[in-house]
>>> print(open('data-v3.cif').read())   # mmCIF, C-alpha atoms
data_target
loop_
_atom_site.label_atom_id
_atom_site.label_comp_id
_atom_site.auth_asym_id
_atom_site.auth_seq_id
_atom_site.Cartn_x
_atom_site.Cartn_y
_atom_site.Cartn_z
CA MET L 777 0.00 0.00 0.00
CA LYS L 778 1.32 3.45 -0.87
CA SER L 779 2.34 5.58 2.10
CA SER L 780 0.18 8.64 2.65
CA SER L 781 3.34 10.71 2.91
CA ALA L 782 4.62 9.64 -0.50
CA PRO L 783 4.58 12.35 -3.18
CA GLU L 784 1.85 12.05 -5.83
CA THR L 785 1.47 13.48 -9.28
CA ALA L 786 -1.85 15.13 -10.10
CA LEU L 787 -2.66 12.26 -12.43
CA GLN L 788 -1.94 9.61 -9.78
CA SER L 789 -4.08 11.48 -7.28
CA GLU L 790 -6.98 11.72 -9.72
CA LYS L 791 -6.77 7.99 -10.48
CA ASP L 792 -6.67 7.09 -6.78
CA GLU L 793 -9.71 9.23 -6.04
CA THR L 794 -11.64 7.55 -8.85
CA ALA L 795 -10.56 4.07 -7.78
CA ASN L 796 -11.78 4.79 -4.26
CA GLY L 797 -15.27 5.49 -5.55
CA ARG L 798 -15.15 9.25 -5.14
CA GLU L 799 -18.45 10.67 -6.33
CA GLN L 800 -18.02 14.37 -5.68
CA ALA L 801 -16.40 16.63 -8.24
CA PRO L 802 -13.52 18.87 -7.09
CA GLN L 803 -14.19 22.56 -6.54
CA ASN L 804 -13.62 25.00 -9.39
CA ASN L 805 -13.72 22.23 -11.96
CA HIS L 806 -14.40 22.65 -15.67
CA LEU L 807 -14.74 19.36 -17.51
CA LEU L 808 -14.51 19.12 -21.28
CA MET L 809 -16.54 16.08 -22.20
CA HIS L 810 -15.92 14.62 -25.63
CA MET L 811 -19.29 13.36 -26.87
CA CYS L 812 -19.12 10.58 -29.45
CA CYS L 813 -22.94 10.50 -29.71
CA GLY L 814 -26.08 11.24 -27.74
CA PRO L 815 -26.89 7.67 -26.60
CA CYS L 816 -23.41 7.13 -25.16
CA ALA L 817 -23.24 10.59 -23.63
CA CYS L 818 -26.60 10.81 -21.88
CA ILE L 819 -25.95 8.55 -18.87
CA CYS L 820 -22.44 9.99 -18.51
CA LEU L 821 -23.82 13.52 -18.43
CA LYS L 822 -26.55 12.63 -15.96
CA THR L 823 -24.11 10.97 -13.57
CA LEU L 824 -21.30 13.52 -13.77
CA LEU L 825 -23.63 16.52 -13.45
CA GLU L 826 -25.15 14.96 -10.34
CA GLU L 827 -21.61 14.69 -8.93
CA GLY L 828 -21.07 18.41 -9.41
CA TRP L 829 -19.02 18.53 -12.60
CA LYS L 830 -19.32 21.73 -14.66
CA ILE L 831 -19.37 20.37 -18.18
CA THR L 832 -18.79 21.71 -21.66
CA GLY L 833 -19.56 19.22 -24.40
CA PHE L 834 -17.21 18.74 -27.34
CA PHE L 835 -18.42 17.09 -30.55
CA SER L 836 -15.40 16.11 -32.62
CA ASN L 837 -16.05 12.96 -34.63
CA PRO L 838 -14.71 13.01 -38.20
CA ASN L 839 -14.93 9.20 -38.16
CA ILE L 840 -18.74 9.31 -38.46
CA GLN L 841 -19.62 8.59 -42.08
CA PRO L 842 -21.36 9.18 -44.42
CA LEU L 843 -22.21 12.83 -43.95
CA ALA L 844 -25.93 12.12 -43.52
CA GLU L 845 -25.08 9.89 -40.54
CA TYR L 846 -22.78 12.54 -39.09
CA LEU L 847 -25.61 15.08 -39.24
CA ARG L 848 -28.05 12.70 -37.52
CA ARG L 849 -25.63 12.08 -34.65
CA HIS L 850 -24.82 15.78 -34.47
CA GLU L 851 -28.54 16.46 -34.00
CA ALA L 852 -28.76 13.80 -31.26
CA ALA L 853 -25.82 15.38 -29.46
CA GLU L 854 -27.53 18.78 -29.66
CA GLN L 855 -30.69 17.24 -28.25
CA CYS L 856 -28.70 15.69 -25.42
CA ALA L 857 -26.91 18.95 -24.62
CA ASP L 858 -30.19 20.88 -24.58
CA TYR L 859 -31.79 18.28 -22.32
CA PHE L 860 -29.04 18.61 -19.71
CA GLY L 861 -28.44 22.33 -20.24
CA ILE L 862 -24.74 22.22 -21.07
CA PRO L 863 -22.84 24.42 -23.54
CA MET L 864 -21.34 22.78 -26.61
CA VAL L 865 -18.26 23.26 -28.76
CA TRP L 866 -18.55 21.85 -32.28
CA ASP L 867 -15.61 20.69 -34.38
CA ASP L 868 -17.57 20.30 -37.61
CA ALA L 869 -14.70 21.65 -39.73
CA SER L 870 -12.73 18.47 -38.99
CA TRP L 871 -15.21 16.34 -40.97
CA ASP L 872 -13.64 15.44 -44.30
CA LEU L 873 -14.18 11.96 -45.69
CA ALA L 874 -11.26 11.96 -48.13
CA THR L 875 -8.81 13.21 -45.52
CA TRP L 876 -9.97 10.65 -42.97
CA LEU L 877 -9.65 7.78 -45.44
CA ARG L 878 -6.16 8.87 -46.43
CA THR L 879 -5.16 9.12 -42.77
CA VAL L 880 -6.19 5.55 -41.93
CA GLN L 881 -4.69 4.10 -45.10
CA GLY L 882 -2.32 1.29 -44.14
CA ARG L 883 -4.00 0.82 -40.76
CA ASP L 884 -7.55 0.34 -41.94
CA THR L 885 -8.29 -2.91 -40.11
CA PRO L 886 -8.93 -3.42 -36.39
CA PRO L 887 -7.36 -2.97 -33.95
CA GLU L 888 -5.06 -0.37 -35.58
CA ARG L 889 -7.89 1.58 -37.19
CA CYS L 890 -10.03 1.63 -34.06
CA ASN L 891 -7.11 2.56 -31.82
CA TYR L 892 -6.23 5.45 -34.13
CA CYS L 893 -9.87 6.53 -34.22
CA VAL L 894 -10.25 6.90 -30.46
CA THR L 895 -6.73 8.18 -29.85
CA SER L 896 -6.99 10.96 -32.43
CA ARG L 897 -10.25 12.16 -30.90
CA MET L 898 -8.73 12.16 -27.43
CA GLU L 899 -5.86 14.25 -28.79
CA ARG L 900 -8.31 16.76 -30.26
CA SER L 901 -10.16 16.87 -26.96
CA PHE L 902 -7.07 17.63 -24.90
CA GLU L 903 -6.01 20.29 -27.39
CA LYS L 904 -9.42 21.97 -27.15
CA ALA L 905 -9.46 21.66 -23.36
CA ARG L 906 -6.13 23.49 -23.15
CA LYS L 907 -7.48 26.33 -25.28
CA LEU L 908 -10.62 26.61 -23.17
CA GLY L 909 -8.75 26.42 -19.85
CA CYS L 910 -10.56 23.26 -18.75
CA THR L 911 -9.32 21.39 -15.68
CA HIS L 912 -10.33 17.90 -16.82
CA VAL L 913 -11.11 15.86 -19.94
CA PHE L 914 -13.49 12.93 -20.25
CA SER L 915 -14.97 11.04 -23.21
CA SER L 916 -18.28 9.24 -23.54
CA LEU L 917 -16.33 6.62 -25.49
CA LEU L 918 -15.63 5.15 -22.05
CA TYR L 919 -19.29 4.12 -21.86
CA SER L 920 -19.32 1.85 -24.90
CA ARG L 921 -18.77 -1.89 -24.67
CA TYR L 922 -17.69 -1.87 -28.32
CA GLN L 923 -14.86 0.67 -28.19
CA PRO L 924 -11.19 -0.20 -27.45
CA HIS L 925 -11.46 0.82 -23.82
CA GLU L 926 -7.82 0.42 -22.84
CA ALA L 927 -6.65 2.42 -25.87
CA ILE L 928 -8.91 5.29 -24.75
CA ARG L 929 -7.61 5.09 -21.22
CA GLU L 930 -3.97 4.90 -22.29
CA ALA L 931 -4.39 7.91 -24.58
CA GLY L 932 -6.02 9.95 -21.83
CA GLU L 933 -3.33 9.11 -19.29
CA ARG L 934 -0.53 9.82 -21.77
CA LEU L 935 -1.99 13.18 -22.78
CA ALA L 936 -2.70 14.20 -19.18
CA ALA L 937 0.93 13.50 -18.24
CA MET L 938 2.17 16.21 -20.61
CA GLU L 939 3.32 19.48 -19.09
CA GLY L 940 0.48 21.93 -18.53
CA ALA L 941 -2.20 19.47 -19.65
CA PRO L 942 -5.62 19.16 -18.03
CA LYS L 943 -6.28 16.08 -15.93
CA PHE L 944 -7.87 12.99 -17.40
CA LEU L 945 -11.08 11.93 -15.68
CA TYR L 946 -11.06 8.18 -16.09
CA ARG L 947 -14.36 6.52 -15.35
CA ASP L 948 -15.48 3.13 -16.60
CA PHE L 949 -19.10 3.69 -17.58
CA ARG L 950 -19.61 0.26 -19.13
CA PRO L 951 -21.52 -0.99 -16.04
CA TYR L 952 -24.11 1.73 -16.88
CA TRP L 953 -24.74 0.09 -20.27
CA GLN L 954 -28.42 -0.77 -19.81
CA ALA L 955 -29.15 2.41 -17.87
CA GLY L 956 -27.75 4.39 -20.79
CA ILE L 957 -29.90 2.50 -23.28
CA ASP L 958 -33.01 3.08 -21.19
CA LEU L 959 -32.29 6.79 -20.77
CA SER L 960 -31.55 7.34 -24.47
CA LYS L 961 -34.85 5.71 -25.40
CA GLU L 962 -36.69 7.77 -22.80
CA MET L 963 -35.15 10.91 -24.30
CA GLY L 964 -36.06 9.82 -27.84
CA LEU L 965 -32.46 10.00 -29.08
CA TYR L 966 -31.46 8.59 -32.44
CA ARG L 967 -29.68 5.28 -31.77
CA GLN L 968 -27.13 4.51 -34.47
CA PRO L 969 -26.91 0.96 -35.90
CA TYR L 970 -23.10 0.87 -36.36
CA CYS L 971 -19.95 2.31 -34.81
CA GLY L 972 -19.27 5.20 -37.16
CA CYS L 973 -16.85 4.86 -40.04
CA VAL L 974 -17.60 3.47 -43.49
CA TYR L 975 -15.61 0.35 -42.62
CA SER L 976 -17.83 -0.45 -39.65
CA GLU L 977 -20.91 0.33 -41.74
CA ALA L 978 -19.69 -2.19 -44.34
CA ASP L 979 -19.01 -4.76 -41.61
CA ARG L 980 -22.66 -4.47 -40.65
CA TYR L 981 -23.68 -5.99 -44.00
CA ALA L 982 -20.67 -8.24 -44.61
CA LYS L 983 -22.60 -11.47 -44.01
CA LYS L 984 -25.24 -10.52 -46.56
CA LEU L 985 -22.57 -9.78 -49.16
CA LYS L 986 -20.83 -13.08 -48.43
CA LYS L 987 -24.08 -14.95 -49.06
CA LEU L 988 -24.53 -13.15 -52.38
CA VAL L 989 -20.99 -14.03 -53.42
CA GLN L 990 -21.48 -17.66 -52.48
CA ALA L 991 -24.80 -17.84 -54.30
CA SER L 992 -23.33 -16.43 -57.51
CA SER L 993 -20.15 -18.55 -57.52
#
>>> encode(input="data-v3.cif", output="structure tokens")
Amino acid sequence: MKSSSAPETALQSEKDETANGREQAPQNNHLLMHMCCGPCACICLKTLLEEGWKITGFFSNPNIQPLAEYLRRHEAAEQCADYFGIPMVWDDASWDLATWLRTVQGRDTPPERCNYCVTSRMERSFEKARKLGCTHVFSSLLYSRYQPHEAIREAGERLAAMEGAPKFLYRDFRPYWQAGIDLSKEMGLYRQPYCGCVYSEADRYAKKLKKLVQASS
């Protein structure tokens, strides 16, 4: 057990407080919450606001494709922010399908693609948090059972360890899975049928395509 007199970094202290089940936000906090979508964000927002976190939402998701899908999830995030009364910062200028596809070229299969996807969004979130003077960063990606959870955590801890960086609020929201589903349905949020990128959208129909190929061979 670590001695109480041993020196701690801010990051270590934050992790210890979370591990000990701390449910009260620190004073004078300003949390930038990266929102991947409304359904993942809603239970996170409800819980963290109840704990006293002062939250600004950040929608930065150039991985969401095609554009029509991006706009639907953007609208759901707006609906979620309005419901909980939080301000939002939108990174819509980062959406560019061609640029995103070129960026993932050569690492376009899991886990490399998925790790890049979450890590790049964490990097954008920490950059924005610095500019806004936020004390902490959190992402609703930590709610999803389908995201590379450890890659998100590792990115957050690495970025928070940089000089002058905001702290990383690590919370595993996966145990809230069903509660999040129930709340998103209660709120009438659009619930997306695939992760986000065109690759994951194609994976959704891969079995149907395989059957067609087999039938025509």
>>> resolve_selection(input="data-v3.cif", expression="the PyMOL selection byres ((chain L and resi 907-913) around 12)", output="PyMOL selection string")
chain L and resi 786-787+790+801-811+829-834+864-865+897-906+914-918+928-929+931-933+935-936+940-947
>>> closest_residue(input="data-v3.cif", among="L:Val989, L:Cys973, L:Arg878, L:Glu799", to="Leu825 of chain L", atoms="only C-alpha atoms")
L:Glu799
>>> closest_residue(input="data-v3.cif", among="L:Asp868, L:Asp948, L:Glu845, L:Glu854", to="Gly972 of chain L", atoms="all atoms listed in the file")
L:Glu845
>>> resolve_selection(input="data-v3.cif", expression="the PyMOL selection byres ((chain L and resi 968) around 10)", output="list in words")
Cys813, Gly814, Pro815, Glu845, Arg848, Arg849, Ala852, Leu965, Tyr966, Arg967, Pro969, Tyr970, Cys971 and Gly972 of chain L
>>> resolve_selection(input="data-v3.cif", expression="the PyMOL selection byres ((chain L and resi 891-894) around 8)", output="compact mmCIF listing (two decimals) with C-alpha atoms, in the coordinates of the input")
# COMPACT_ATOMS: atom_id res chain seq x y z
CA ASN L 839 -14.93 9.20 -38.16
CA VAL L 880 -6.19 5.55 -41.93
CA PRO L 886 -8.93 -3.42 -36.39
CA PRO L 887 -7.36 -2.97 -33.95
CA GLU L 888 -5.06 -0.37 -35.58
CA ARG L 889 -7.89 1.58 -37.19
CA CYS L 890 -10.03 1.63 -34.06
CA THR L 895 -6.73 8.18 -29.85
CA SER L 896 -6.99 10.96 -32.43
CA ARG L 897 -10.25 12.16 -30.90
CA MET L 898 -8.73 12.16 -27.43
CA LEU L 917 -16.33 6.62 -25.49
CA PRO L 924 -11.19 -0.20 -27.45
CA ALA L 927 -6.65 2.42 -25.87
CA ILE L 928 -8.91 5.29 -24.75
>>> atom_distance(input="data-v3.cif", atom1="atom CA of Leu873 of chain L", atom2="atom CA of Glu851 of chain L")
19.1 Å
>>> atom_distance(input="data-v3.cif", atom1="atom CA of Cys818 of chain L", atom2="atom CA of Ser960 of chain L")
6.6 Å
>>> atom_distance(input="data-v3.cif", atom1="atom CA of Ile819 of chain L", atom2="atom CA of Gly956 of chain L")
4.9 Å
>>> closest_residue(input="data-v3.cif", among="L:Lys983, L:Ala874, L:Gly964, L:Thr879", to="Pro842 of chain L", atoms="all atoms listed in the file")
L:Ala874
